[in-house]
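Q: One file is attached below, model34.pdb, containing PDB, C-alpha atoms, pLDDT in the B column.
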ATOM      1  CA  MET R   1     110.910  59.482  51.694  1.00 91.00           C
ATOM      2  CA  GLN R   2     108.550  61.871  53.446  1.00 93.00           C
ATOM      3  CA  LYS R   3     110.301  61.208  56.747  1.00 94.00           C
ATOM      4  CA  GLN R   4     113.680  61.796  55.080  1.00 95.00           C
ATOM      5  CA  ILE R   5     112.459  65.112  53.658  1.00 97.00           C
ATOM      6  CA  GLN R   6     111.131  66.249  57.023  1.00 96.00           C
ATOM      7  CA  GLN R   7     114.437  65.364  58.688  1.00 96.00           C
ATOM      8  CA  ARG R   8     116.325  67.279  55.983  1.00 96.00           C
ATOM      9  CA  LEU R   9     114.190  70.359  56.632  1.00 97.00           C
ATOM     10  CA  GLN R  10     114.920  70.127  60.352  1.00 97.00           C
ATOM     11  CA  THR R  11     118.642  69.906  59.611  1.00 97.00           C
ATOM     12  CA  LEU R  12     118.442  72.984  57.360  1.00 97.00           C
ATOM     13  CA  GLU R  13     116.738  74.889  60.182  1.00 96.00           C
ATOM     14  CA  GLN R  14     119.575  74.085  62.561  1.00 96.00           C
ATOM     15  CA  GLU R  15     122.374  74.714  60.047  1.00 96.00           C
ATOM     16  CA  ASN R  16     121.022  78.102  58.950  1.00 96.00           C
ATOM     17  CA  ASN R  17     119.413  79.258  62.222  1.00 95.00           C
ATOM     18  CA  ILE R  18     116.057  79.717  60.500  1.00 97.00           C
ATOM     19  CA  ASN R  19     112.441  78.737  60.997  1.00 97.00           C
ATOM     20  CA  ILE R  20     110.949  76.687  58.160  1.00 97.00           C
ATOM     21  CA  PHE R  21     107.184  77.027  58.450  1.00 97.00           C
ATOM     22  CA  PHE R  22     106.126  75.552  55.113  1.00 98.00           C
ATOM     23  CA  GLY R  23     107.511  72.814  52.873  1.00 98.00           C
ATOM     24  CA  CYS R  24     105.794  71.294  49.854  1.00 98.00           C
ATOM     25  CA  GLU R  25     106.271  69.316  46.639  1.00 97.00           C
ATOM     26  CA  SER R  26     106.470  71.457  43.514  1.00 95.00           C
ATOM     27  CA  GLY R  27     107.180  69.236  40.506  1.00 91.00           C
ATOM     28  CA  SER R  28     105.587  66.397  38.589  1.00 93.00           C
ATOM     29  CA  ARG R  29     104.681  64.544  41.783  1.00 95.00           C
ATOM     30  CA  ALA R  30     102.547  67.508  42.869  1.00 96.00           C
ATOM     31  CA  TRP R  31     101.097  67.712  39.356  1.00 95.00           C
ATOM     32  CA  GLY R  32     100.008  64.072  39.680  1.00 93.00           C
ATOM     33  CA  ILE R  33     102.072  62.912  36.690  1.00 92.00           C
ATOM     34  CA  PRO R  34     105.360  61.511  38.040  1.00 91.00           C
ATOM     35  CA  SER R  35     107.537  59.142  36.046  1.00 86.00           C
ATOM     36  CA  GLN R  36     108.995  56.024  37.630  1.00 85.00           C
ATOM     37  CA  ASP R  37     112.162  57.895  38.628  1.00 87.00           C
ATOM     38  CA  SER R  38     110.888  61.452  39.154  1.00 90.00           C
ATOM     39  CA  ASP R  39     112.745  63.708  41.581  1.00 93.00           C
ATOM     40  CA  PHE R  40     111.226  64.957  44.795  1.00 96.00           C
ATOM     41  CA  ASP R  41     111.159  68.721  44.186  1.00 97.00           C
ATOM     42  CA  VAL R  42     110.835  70.141  47.696  1.00 98.00           C
ATOM     43  CA  ARG R  43     110.306  73.879  48.164  1.00 98.00           C
ATOM     44  CA  PHE R  44     109.965  75.781  51.428  1.00 98.00           C
ATOM     45  CA  PHE R  45     109.434  79.174  53.074  1.00 98.00           C
ATOM     46  CA  TYR R  46     111.513  80.260  56.033  1.00 98.00           C
ATOM     47  CA  SER R  47     112.201  83.233  58.268  1.00 97.00           C
ATOM     48  CA  HIS R  48     115.268  84.463  60.110  1.00 96.00           C
ATOM     49  CA  ARG R  49     115.415  86.085  63.493  1.00 94.00           C
ATOM     50  CA  THR R  50     114.286  89.707  63.423  1.00 94.00           C
ATOM     51  CA  GLU R  51     117.790  91.154  63.724  1.00 94.00           C
ATOM     52  CA  TRP R  52     118.808  89.414  60.481  1.00 95.00           C
ATOM     53  CA  TYR R  53     116.542  91.830  58.590  1.00 96.00           C
ATOM     54  CA  LEU R  54     117.890  94.897  60.392  1.00 94.00           C
ATOM     55  CA  SER R  55     120.979  95.407  58.286  1.00 93.00           C
ATOM     56  CA  ILE R  56     122.235  97.937  55.768  1.00 93.00           C
ATOM     57  CA  ASP R  57     123.534  95.080  53.585  1.00 93.00           C
ATOM     58  CA  ASN R  58     121.523  93.074  51.085  1.00 90.00           C
ATOM     59  CA  LYS R  59     121.502  89.434  52.091  1.00 94.00           C
ATOM     60  CA  ARG R  60     120.851  86.247  50.193  1.00 96.00           C
ATOM     61  CA  GLU R  61     117.168  85.321  50.382  1.00 98.00           C
ATOM     62  CA  VAL R  62     117.289  81.797  49.009  1.00 98.00           C
ATOM     63  CA  ILE R  63     118.684  78.500  50.244  1.00 98.00           C
ATOM     64  CA  GLU R  64     119.670  76.061  47.514  1.00 96.00           C
ATOM     65  CA  CYS R  65     120.885  72.594  48.379  1.00 95.00           C
ATOM     66  CA  PRO R  66     122.947  70.304  46.129  1.00 94.00           C
ATOM     67  CA  ILE R  67     120.782  67.568  44.598  1.00 92.00           C
ATOM     68  CA  GLU R  68     121.057  64.373  46.645  1.00 91.00           C
ATOM     69  CA  GLY R  69     119.824  61.346  44.710  1.00 91.00           C
ATOM     70  CA  LEU R  70     116.176  62.063  43.925  1.00 92.00           C
ATOM     71  CA  LEU R  71     115.981  64.925  46.414  1.00 95.00           C
ATOM     72  CA  ASP R  72     116.009  68.474  44.985  1.00 96.00           C
ATOM     73  CA  ILE R  73     115.362  70.999  47.741  1.00 97.00           C
ATOM     74  CA  ASN R  74     115.496  74.778  48.052  1.00 97.00           C
ATOM     75  CA  GLY R  75     113.585  77.585  49.718  1.00 98.00           C
ATOM     76  CA  TRP R  76     112.770  81.284  49.849  1.00 98.00           C
ATOM     77  CA  ASP R  77     112.974  83.733  52.705  1.00 98.00           C
ATOM     78  CA  ILE R  78     109.539  85.039  53.718  1.00 98.00           C
ATOM     79  CA  ARG R  79     110.374  88.604  52.665  1.00 97.00           C
ATOM     80  CA  LYS R  80     111.245  87.418  49.148  1.00 97.00           C
ATOM     81  CA  ALA R  81     108.118  85.237  49.083  1.00 98.00           C
ATOM     82  CA  LEU R  82     105.827  88.129  49.977  1.00 97.00           C
ATOM     83  CA  ARG R  83     107.448  90.384  47.394  1.00 96.00           C
ATOM     84  CA  LEU R  84     106.783  87.707  44.781  1.00 97.00           C
ATOM     85  CA  LEU R  85     103.200  87.349  45.992  1.00 97.00           C
ATOM     86  CA  ARG R  86     102.770  91.081  45.373  1.00 95.00           C
ATOM     87  CA  LYS R  87     103.865  90.435  41.759  1.00 93.00           C
ATOM     88  CA  SER R  88     101.441  87.506  41.373  1.00 95.00           C
ATOM     89  CA  ASN R  89     104.326  85.096  40.866  1.00 96.00           C
ATOM     90  CA  PRO R  90     102.785  81.868  39.478  1.00 97.00           C
ATOM     91  CA  VAL R  91     105.424  79.606  41.025  1.00 96.00           C
ATOM     92  CA  LEU R  92     104.727  80.994  44.479  1.00 97.00           C
ATOM     93  CA  LEU R  93     100.971  80.651  43.985  1.00 97.00           C
ATOM     94  CA  GLU R  94     101.419  77.031  42.972  1.00 96.00           C
ATOM     95  CA  TRP R  95     103.525  76.211  46.021  1.00 97.00           C
ATOM     96  CA  LEU R  96     100.866  77.637  48.315  1.00 97.00           C
ATOM     97  CA  HIS R  97      98.307  75.259  46.823  1.00 95.00           C
ATOM     98  CA  SER R  98     100.453  72.153  46.459  1.00 97.00           C
ATOM     99  CA  PRO R  99      98.534  68.938  47.267  1.00 96.00           C
ATOM    100  CA  ILE R 100     101.673  67.455  48.859  1.00 97.00           C
ATOM    101  CA  VAL R 101     102.752  69.283  52.013  1.00 97.00           C
ATOM    102  CA  TYR R 102     105.710  68.017  54.032  1.00 97.00           C
ATOM    103  CA  GLN R 103     105.702  70.624  56.773  1.00 96.00           C
ATOM    104  CA  GLU R 104     103.305  73.424  57.638  1.00 97.00           C
ATOM    105  CA  LYS R 105     102.420  75.815  60.421  1.00 96.00           C
ATOM    106  CA  PRO R 106      98.837  76.747  59.466  1.00 96.00           C
ATOM    107  CA  THR R 107      98.702  79.924  61.541  1.00 96.00           C
ATOM    108  CA  LEU R 108     101.529  81.320  59.394  1.00 96.00           C
ATOM    109  CA  VAL R 109     100.660  79.866  55.989  1.00 97.00           C
ATOM    110  CA  GLU R 110      96.873  80.304  55.907  1.00 97.00           C
ATOM    111  CA  PRO R 111      97.040  84.128  56.063  1.00 97.00           C
ATOM    112  CA  ILE R 112      99.300  84.052  52.990  1.00 97.00           C
ATOM    113  CA  ARG R 113      96.876  81.769  51.141  1.00 97.00           C
ATOM    114  CA  LYS R 114      93.949  84.030  52.010  1.00 96.00           C
ATOM    115  CA  LEU R 115      95.766  87.053  50.588  1.00 94.00           C
ATOM    116  CA  ALA R 116      96.790  85.283  47.366  1.00 95.00           C
ATOM    117  CA  PRO R 117      93.535  86.017  45.437  1.00 93.00           C
ATOM    118  CA  LEU R 118      93.958  89.740  46.148  1.00 92.00           C
ATOM    119  CA  TYR R 119      97.294  89.751  44.323  1.00 93.00           C
ATOM    120  CA  PHE R 120      96.441  87.260  41.571  1.00 94.00           C
ATOM    121  CA  SER R 121      96.965  88.866  38.159  1.00 94.00           C
ATOM    122  CA  PRO R 122      95.555  86.994  35.120  1.00 95.00           C
ATOM    123  CA  SER R 123      97.803  89.043  32.853  1.00 94.00           C
ATOM    124  CA  ALA R 124     101.041  88.275  34.712  1.00 94.00           C
ATOM    125  CA  CYS R 125     100.254  84.577  35.085  1.00 96.00           C
ATOM    126  CA  HIS R 126      99.124  84.200  31.463  1.00 97.00           C
ATOM    127  CA  TYR R 127     102.384  85.748  30.269  1.00 96.00           C
ATOM    128  CA  HIS R 128     104.451  83.473  32.525  1.00 97.00           C
ATOM    129  CA  TYR R 129     102.817  80.244  31.381  1.00 98.00           C
ATOM    130  CA  LEU R 130     102.749  81.213  27.708  1.00 98.00           C
ATOM    131  CA  HIS R 131     106.429  82.205  27.759  1.00 98.00           C
ATOM    132  CA  LEU R 132     107.300  78.939  29.522  1.00 98.00           C
ATOM    133  CA  ALA R 133     105.469  76.843  26.917  1.00 98.00           C
ATOM    134  CA  LYS R 134     107.059  78.665  23.969  1.00 98.00           C
ATOM    135  CA  LYS R 135     110.545  78.404  25.461  1.00 97.00           C
ATOM    136  CA  THR R 136     110.165  74.650  26.016  1.00 96.00           C
ATOM    137  CA  VAL R 137     108.921  74.129  22.454  1.00 96.00           C
ATOM    138  CA  ARG R 138     111.949  75.957  21.044  1.00 95.00           C
ATOM    139  CA  LYS R 139     114.424  74.017  23.162  1.00 94.00           C
ATOM    140  CA  HIS R 140     112.960  70.525  23.305  1.00 92.00           C
ATOM    141  CA  LEU R 141     110.180  69.882  20.785  1.00 93.00           C
ATOM    142  CA  GLN R 142     111.918  70.463  17.461  1.00 90.00           C
ATOM    143  CA  ASN R 143     112.853  66.843  16.682  1.00 88.00           C
ATOM    144  CA  GLU R 144     110.814  63.812  15.686  1.00 85.00           C
ATOM    145  CA  LEU R 145     111.693  62.037  18.923  1.00 89.00           C
ATOM    146  CA  ILE R 146     110.608  64.025  21.965  1.00 91.00           C
ATOM    147  CA  ASN R 147     111.217  63.531  25.658  1.00 91.00           C
ATOM    148  CA  LEU R 148     107.895  62.630  27.303  1.00 90.00           C
ATOM    149  CA  LYS R 149     108.625  64.861  30.269  1.00 90.00           C
ATOM    150  CA  LYS R 150     109.150  67.915  28.055  1.00 93.00           C
ATOM    151  CA  ILE R 151     105.830  67.418  26.273  1.00 94.00           C
ATOM    152  CA  PHE R 152     104.073  67.874  29.601  1.00 95.00           C
ATOM    153  CA  TYR R 153     106.261  70.906  30.306  1.00 95.00           C
ATOM    154  CA  VAL R 154     104.449  72.429  27.329  1.00 97.00           C
ATOM    155  CA  LEU R 155     100.981  70.961  27.806  1.00 97.00           C
ATOM    156  CA  ARG R 156     100.669  72.016  31.428  1.00 97.00           C
ATOM    157  CA  PRO R 157     101.332  75.744  30.880  1.00 98.00           C
ATOM    158  CA  ILE R 158      99.002  75.715  27.871  1.00 98.00           C
ATOM    159  CA  LEU R 159      96.248  74.229  30.023  1.00 98.00           C
ATOM    160  CA  ALA R 160      97.103  76.809  32.702  1.00 98.00           C
ATOM    161  CA  CYS R 161      96.564  79.605  30.173  1.00 98.00           C
ATOM    162  CA  ARG R 162      93.227  78.086  29.216  1.00 97.00           C
ATOM    163  CA  TRP R 163      92.294  77.901  32.900  1.00 97.00           C
ATOM    164  CA  ILE R 164      93.025  81.617  33.290  1.00 97.00           C
ATOM    165  CA  GLU R 165      91.136  82.371  30.064  1.00 96.00           C
ATOM    166  CA  ALA R 166      88.067  80.639  31.492  1.00 94.00           C
ATOM    167  CA  GLU R 167      88.304  82.922  34.552  1.00 89.00           C
ATOM    168  CA  LEU R 168      88.804  79.980  36.888  1.00 81.00           C
ATOM    169  CA  ASP R 169      91.096  81.948  39.212  1.00 89.00           C
ATOM    170  CA  ILE R 170      94.484  80.787  40.532  1.00 94.00           C
ATOM    171  CA  VAL R 171      95.943  77.920  38.511  1.00 96.00           C
ATOM    172  CA  PRO R 172      95.870  74.584  40.397  1.00 95.00           C
ATOM    173  CA  MET R 173      98.876  72.272  40.442  1.00 95.00           C
ATOM    174  CA  SER R 174      96.968  69.121  39.530  1.00 95.00           C
ATOM    175  CA  PHE R 175      97.332  68.285  35.853  1.00 96.00           C
ATOM    176  CA  GLU R 176      94.094  66.302  35.962  1.00 95.00           C
ATOM    177  CA  THR R 177      92.227  69.335  37.304  1.00 96.00           C
ATOM    178  CA  LEU R 178      93.623  71.489  34.496  1.00 97.00           C
ATOM    179  CA  LEU R 179      92.575  68.876  31.955  1.00 97.00           C
ATOM    180  CA  GLU R 180      88.973  68.604  33.186  1.00 95.00           C
ATOM    181  CA  PRO R 181      87.643  71.755  31.407  1.00 94.00           C
ATOM    182  CA  VAL R 182      89.046  70.631  28.041  1.00 95.00           C
ATOM    183  CA  LYS R 183      86.055  69.894  25.813  1.00 94.00           C
ATOM    184  CA  GLU R 184      87.885  68.668  22.691  1.00 95.00           C
ATOM    185  CA  VAL R 185      87.441  64.892  22.998  1.00 96.00           C
ATOM    186  CA  THR R 186      90.189  63.945  20.554  1.00 96.00           C
ATOM    187  CA  ILE R 187      92.925  65.955  22.225  1.00 96.00           C
ATOM    188  CA  LYS R 188      91.731  65.047  25.716  1.00 96.00           C
ATOM    189  CA  THR R 189      91.902  61.348  24.847  1.00 96.00           C
ATOM    190  CA  ALA R 190      95.361  61.743  23.296  1.00 95.00           C
ATOM    191  CA  ILE R 191      96.679  63.576  26.354  1.00 95.00           C
ATOM    192  CA  ARG R 192      95.284  60.978  28.753  1.00 94.00           C
ATOM    193  CA  ALA R 193      96.917  58.173  26.742  1.00 93.00           C
ATOM    194  CA  LEU R 194     100.234  60.056  26.766  1.00 92.00           C
ATOM    195  CA  LEU R 195      99.875  60.611  30.502  1.00 91.00           C
ATOM    196  CA  GLU R 196      99.510  56.893  31.167  1.00 90.00           C
ATOM    197  CA  ARG R 197     102.662  56.210  29.156  1.00 89.00           C
ATOM    198  CA  LYS R 198     104.557  58.856  31.106  1.00 87.00           C
ATOM    199  CA  LYS R 199     103.597  57.328  34.433  1.00 85.00           C
ATOM    200  CA  GLN R 200     105.094  54.020  33.288  1.00 87.00           C
ATOM    201  CA  SER R 201     108.212  55.593  31.787  1.00 85.00           C
ATOM    202  CA  ASP R 202     111.501  56.971  33.054  1.00 85.00           C
ATOM    203  CA  GLU R 203     112.463  60.652  32.974  1.00 82.00           C
ATOM    204  CA  SER R 204     114.807  60.067  30.017  1.00 84.00           C
ATOM    205  CA  ASP R 205     112.323  58.233  27.776  1.00 87.00           C
ATOM    206  CA  PHE R 206     111.621  59.576  24.284  1.00 89.00           C
ATOM    207  CA  GLU R 207     108.911  58.807  21.751  1.00 88.00           C
ATOM    208  CA  THR R 208     107.698  59.974  18.364  1.00 87.00           C
ATOM    209  CA  ALA R 209     105.675  63.147  18.614  1.00 81.00           C
ATOM    210  CA  SER R 210     101.920  62.641  18.313  1.00 89.00           C
ATOM    211  CA  PRO R 211     100.534  64.685  15.376  1.00 93.00           C
ATOM    212  CA  VAL R 212      97.329  65.315  17.319  1.00 95.00           C
ATOM    213  CA  ILE R 213      99.151  66.712  20.328  1.00 95.00           C
ATOM    214  CA  MET R 214     101.705  68.649  18.296  1.00 95.00           C
ATOM    215  CA  ASP R 215      98.939  70.281  16.228  1.00 96.00           C
ATOM    216  CA  PHE R 216      97.134  71.177  19.438  1.00 97.00           C
ATOM    217  CA  ILE R 217     100.286  72.759  20.858  1.00 97.00           C
ATOM    218  CA  THR R 218     100.956  74.768  17.702  1.00 97.00           C
ATOM    219  CA  ASP R 219      97.363  75.986  17.365  1.00 97.00           C
ATOM    220  CA  GLU R 220      96.979  76.870  21.043  1.00 98.00           C
ATOM    221  CA  LEU R 221     100.244  78.769  21.288  1.00 98.00           C
ATOM    222  CA  ALA R 222      99.182  80.887  18.319  1.00 98.00           C
ATOM    223  CA  ARG R 223      95.714  81.484  19.736  1.00 98.00           C
ATOM    224  CA  LEU R 224      96.849  82.183  23.286  1.00 98.00           C
ATOM    225  CA  SER R 225      99.449  84.652  22.015  1.00 97.00           C
ATOM    226  CA  SER R 226      96.615  86.847  20.774  1.00 96.00           C
ATOM    227  CA  LEU R 227      94.937  87.085  24.176  1.00 95.00           C
ATOM    228  CA  SER R 228      95.377  90.027  26.508  1.00 92.00           C
ATOM    229  CA  TYR R 229      93.974  90.940  29.891  1.00 91.00           C
ATOM    230  CA  PRO R 230      93.269  94.308  31.468  1.00 87.00           C
ATOM    231  CA  LYS R 231      95.632  95.284  34.226  1.00 81.00           C
ATOM    232  CA  LYS R 232      94.245  94.426  37.623  1.00 77.00           C
ATOM    233  CA  LYS R 233      94.529  96.873  40.482  1.00 77.00           C
ATOM    234  CA  ILE R 234      96.730  95.086  42.983  1.00 73.00           C
ATOM    235  CA  ALA R 235      96.118  95.311  46.718  1.00 74.00           C
ATOM    236  CA  HIS R 236      98.375  97.718  48.589  1.00 80.00           C
ATOM    237  CA  SER R 237     101.732  96.560  49.948  1.00 89.00           C
ATOM    238  CA  ASP R 238     100.810  97.691  53.470  1.00 93.00           C
ATOM    239  CA  THR R 239      98.845  94.466  53.874  1.00 94.00           C
ATOM    240  CA  LEU R 240     101.919  92.383  53.107  1.00 96.00           C
ATOM    241  CA  ASP R 241     104.114  94.527  55.356  1.00 96.00           C
ATOM    242  CA  GLN R 242     101.748  93.851  58.205  1.00 96.00           C
ATOM    243  CA  LEU R 243     101.727  90.115  57.495  1.00 96.00           C
ATOM    244  CA  PHE R 244     105.521  90.098  57.309  1.00 97.00           C
ATOM    245  CA  ARG R 245     105.764  91.650  60.777  1.00 96.00           C
ATOM    246  CA  GLN R 246     103.204  89.218  62.178  1.00 95.00           C
ATOM    247  CA  ILE R 247     105.136  86.223  60.866  1.00 96.00           C
ATOM    248  CA  LEU R 248     108.395  87.525  62.310  1.00 95.00           C
ATOM    249  CA  SER R 249     106.783  88.152  65.682  1.00 94.00           C
ATOM    250  CA  LYS R 250     105.711  84.476  65.780  1.00 91.00           C
ATOM    251  CA  THR R 251     108.934  82.943  64.492  1.00 87.00           C
ATOM    252  CA  SER R 252     111.872  85.175  65.408  1.00 74.00           C
ATOM    253  CA  ASN R 253     112.531  83.408  68.707  1.00 61.00           C
ATOM    254  CA  VAL R 254     112.046  79.924  67.299  1.00 47.00           C
ATOM    255  CA  GLY R 255     114.644  77.751  65.542  1.00 43.00           C
TER     256      GLY R 255
END
Now, as a test, write the supplied structure out as structure tokens.

A:
Amino acid sequence: MQKQIQQRLQTLEQENNINIFFGCESGSRAWGIPSQDSDFDVRFFYSHRTEWYLSIDNKREVIECPIEGLLDINGWDIRKALRLLRKSNPVLLEWLHSPIVYQEKPTLVEPIRKLAPLYFSPSACHYHYLHLAKKTVRKHLQNELINLKKIFYVLRPILACRWIEAELDIVPMSFETLLEPVKEVTIKTAIRALLERKKQSDESDFETASPVIMDFITDELARLSSLSYPKKKIAHSDTLDQLFRQILSKTSNVG
């Protein structure tokens, strides 16, 4: 599958006349908790030739491909990616630190990773993860039978909020890493047992909600909603402008 993904990225480069310099896994496979039939959620960064950016018209800055079997693939233009980095976008930060990388040009990606801590905002990321957890609870966790996948779509952002609360910096993708700081033995044991069942299940499997886990979710969402963080002074945009120009100078004549 990795070879198929790499070939698909090469095809996208040729079809769109772009340079893809980073491609990674972003979903449950990168979290370390895939089901038997989990998709491959591939995300990538790309750049156009310099003249593409020299236009008075706004242009589309994303490439979204139709889902093909288990392959779900889309990407962001580097200008969009750097704007989102400036906003401390949690999704972008996760991609940069994905443990599964399909394609990478280190000389282009490492400077972005090194800048990420300068733009990391605990407040913005906490709000993102908390909102995500609450939204998933409202939509998917209101019945007695609950989709296993959706439970983890709530647990992971809750653990991400706890990670931020503990001042552990940028949230890692690994679910196991997020679970490590949890000191409550009962809930940790319950989550690990649920995790093992998920790994042996299919994406569409449902089960009765665990009272222990549901109580944990309810209590944590209430507690985390009361937290607030001081606004962090974000590094100036000039740094990202400079990086943007450097990336274009290295990629504009490639692809």

Q: Considering only C-alpha atoms, return as a ChimeraX atom specification whatever protein or nucleic-acid residues lie within 8 Å of region 119-134 of chain R, sequence-local ones (same chain, fewer than 4 positions apart) excluded.

A: /R:85-90,115,138,153-155,157-158,160-161,164,169-170,221,224-225,228-232,234-235

Q: For each of R:Ile20, R:Ile33, R:Ile67, R:Leu82, take the minimum atom-to-atom distance to Asp202 (chain R), counting all atoms listed in the file, then give the residue where this is smallest.

A: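 Looking only at the distances to Asp202 (chain R), the closest residue turns out to be R:Ile33.
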
Q: Would you mind reading off the distance between CA of Lys135 (chain R) and CA of Ser98 (chain R), one decimal, in Å?

A: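 Between CA of Lys135 (chain R) and CA of Ser98 (chain R) the gap is 24.1 Å.
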
Q: One number please: CA of Tyr102 (chain R) to CA of Leu118 (chain R), in Å, one decimal.

A: 25.9 Å

Q: Any chance you could work out the residue set of the PyMOL selection byres ((chain R and resi 64) around 7) here, as a count of residues only?

A: 7

Q: From the set R:Ser47, R:Gln10, R:Ser174, R:Asn16, which residue has the shortest atom-to-atom contact distance to Arg29 (chain R), counting only C-alpha atoms?

A: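 Counting only C-alpha atoms, the residue closest to Arg29 (chain R) is R:Ser174.
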
Q: For Ser26 (chain R), which of R:Asp219, R:Glu176, R:Glu13, R:Asp39 is the closest residue, counting all atoms listed in the file?

A: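 Smallest separation from Ser26 (chain R) among the options: R:Asp39.
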
Q: So what does the PyMOL selection byres ((chain R and resi 35) around 12) actually pick up in this one, as number ranges by chain?

A: R: 27-34, 36-40, 147-150, 152, 194-205

Q: The PyMOL selection byres ((chain R and resi 248) around 10) on the file shown: which residues, as a short mmCIF file (atom, residue, chain, number, x, y, z; two decimals) with C-alpha atoms, in the coordinates of the input?

A:
data_model
loop_
_atom_site.label_atom_id
_atom_site.label_comp_id
_atom_site.auth_asym_id
_atom_site.auth_seq_id
_atom_site.Cartn_x
_atom_site.Cartn_y
_atom_site.Cartn_z
CA ASN R 19 112.44 78.74 61.00
CA SER R 47 112.20 83.23 58.27
CA HIS R 48 115.27 84.46 60.11
CA ARG R 49 115.42 86.08 63.49
CA THR R 50 114.29 89.71 63.42
CA TYR R 53 116.54 91.83 58.59
CA ILE R 78 109.54 85.04 53.72
CA ARG R 79 110.37 88.60 52.66
CA LEU R 108 101.53 81.32 59.39
CA LEU R 243 101.73 90.12 57.50
CA PHE R 244 105.52 90.10 57.31
CA ARG R 245 105.76 91.65 60.78
CA GLN R 246 103.20 89.22 62.18
CA ILE R 247 105.14 86.22 60.87
CA SER R 249 106.78 88.15 65.68
CA LYS R 250 105.71 84.48 65.78
CA THR R 251 108.93 82.94 64.49
CA SER R 252 111.87 85.18 65.41
CA ASN R 253 112.53 83.41 68.71
CA VAL R 254 112.05 79.92 67.30
#

Q: Which residue, R:Arg8, R:Arg192, R:Leu179, R:Gln142, has the smallest gap to Thr218 (chain R) when you use only C-alpha atoms?

A: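 Of R:Arg8, R:Arg192, R:Leu179, R:Gln142, the one nearest Thr218 (chain R) is R:Gln142, counting only C-alpha atoms.
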
Q: Point out the residue among R:Gln2, R:Leu12, R:Thr186, R:Gly23 with the least atom-to-atom distance to Pro106 (chain R), counting all atoms listed in the file.

A: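 Of R:Gln2, R:Leu12, R:Thr186, R:Gly23, the one nearest Pro106 (chain R) is R:Gly23, counting all atoms listed in the file.
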
Q: Can you work out the spacing between CA of Lys188 (chain R) and CA of Phe216 (chain R) in Å, to one decimal?

A: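 Computing it gives 10.3 Å between the two atoms.
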
Q: Between R:Leu178, R:Ile213, R:Ile112, R:Val171, which is the closest to Leu141 (chain R) once you count all atoms listed in the file?

A: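 Using all atoms listed in the file, Leu141 (chain R) sits closest to R:Ile213.
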
Q: Excluding same-chain residues fewer than 5 positions from Met1 (chain R), what lies within 10 Å of it counting only C-alpha atoms, as a count of residues only?

A: 5
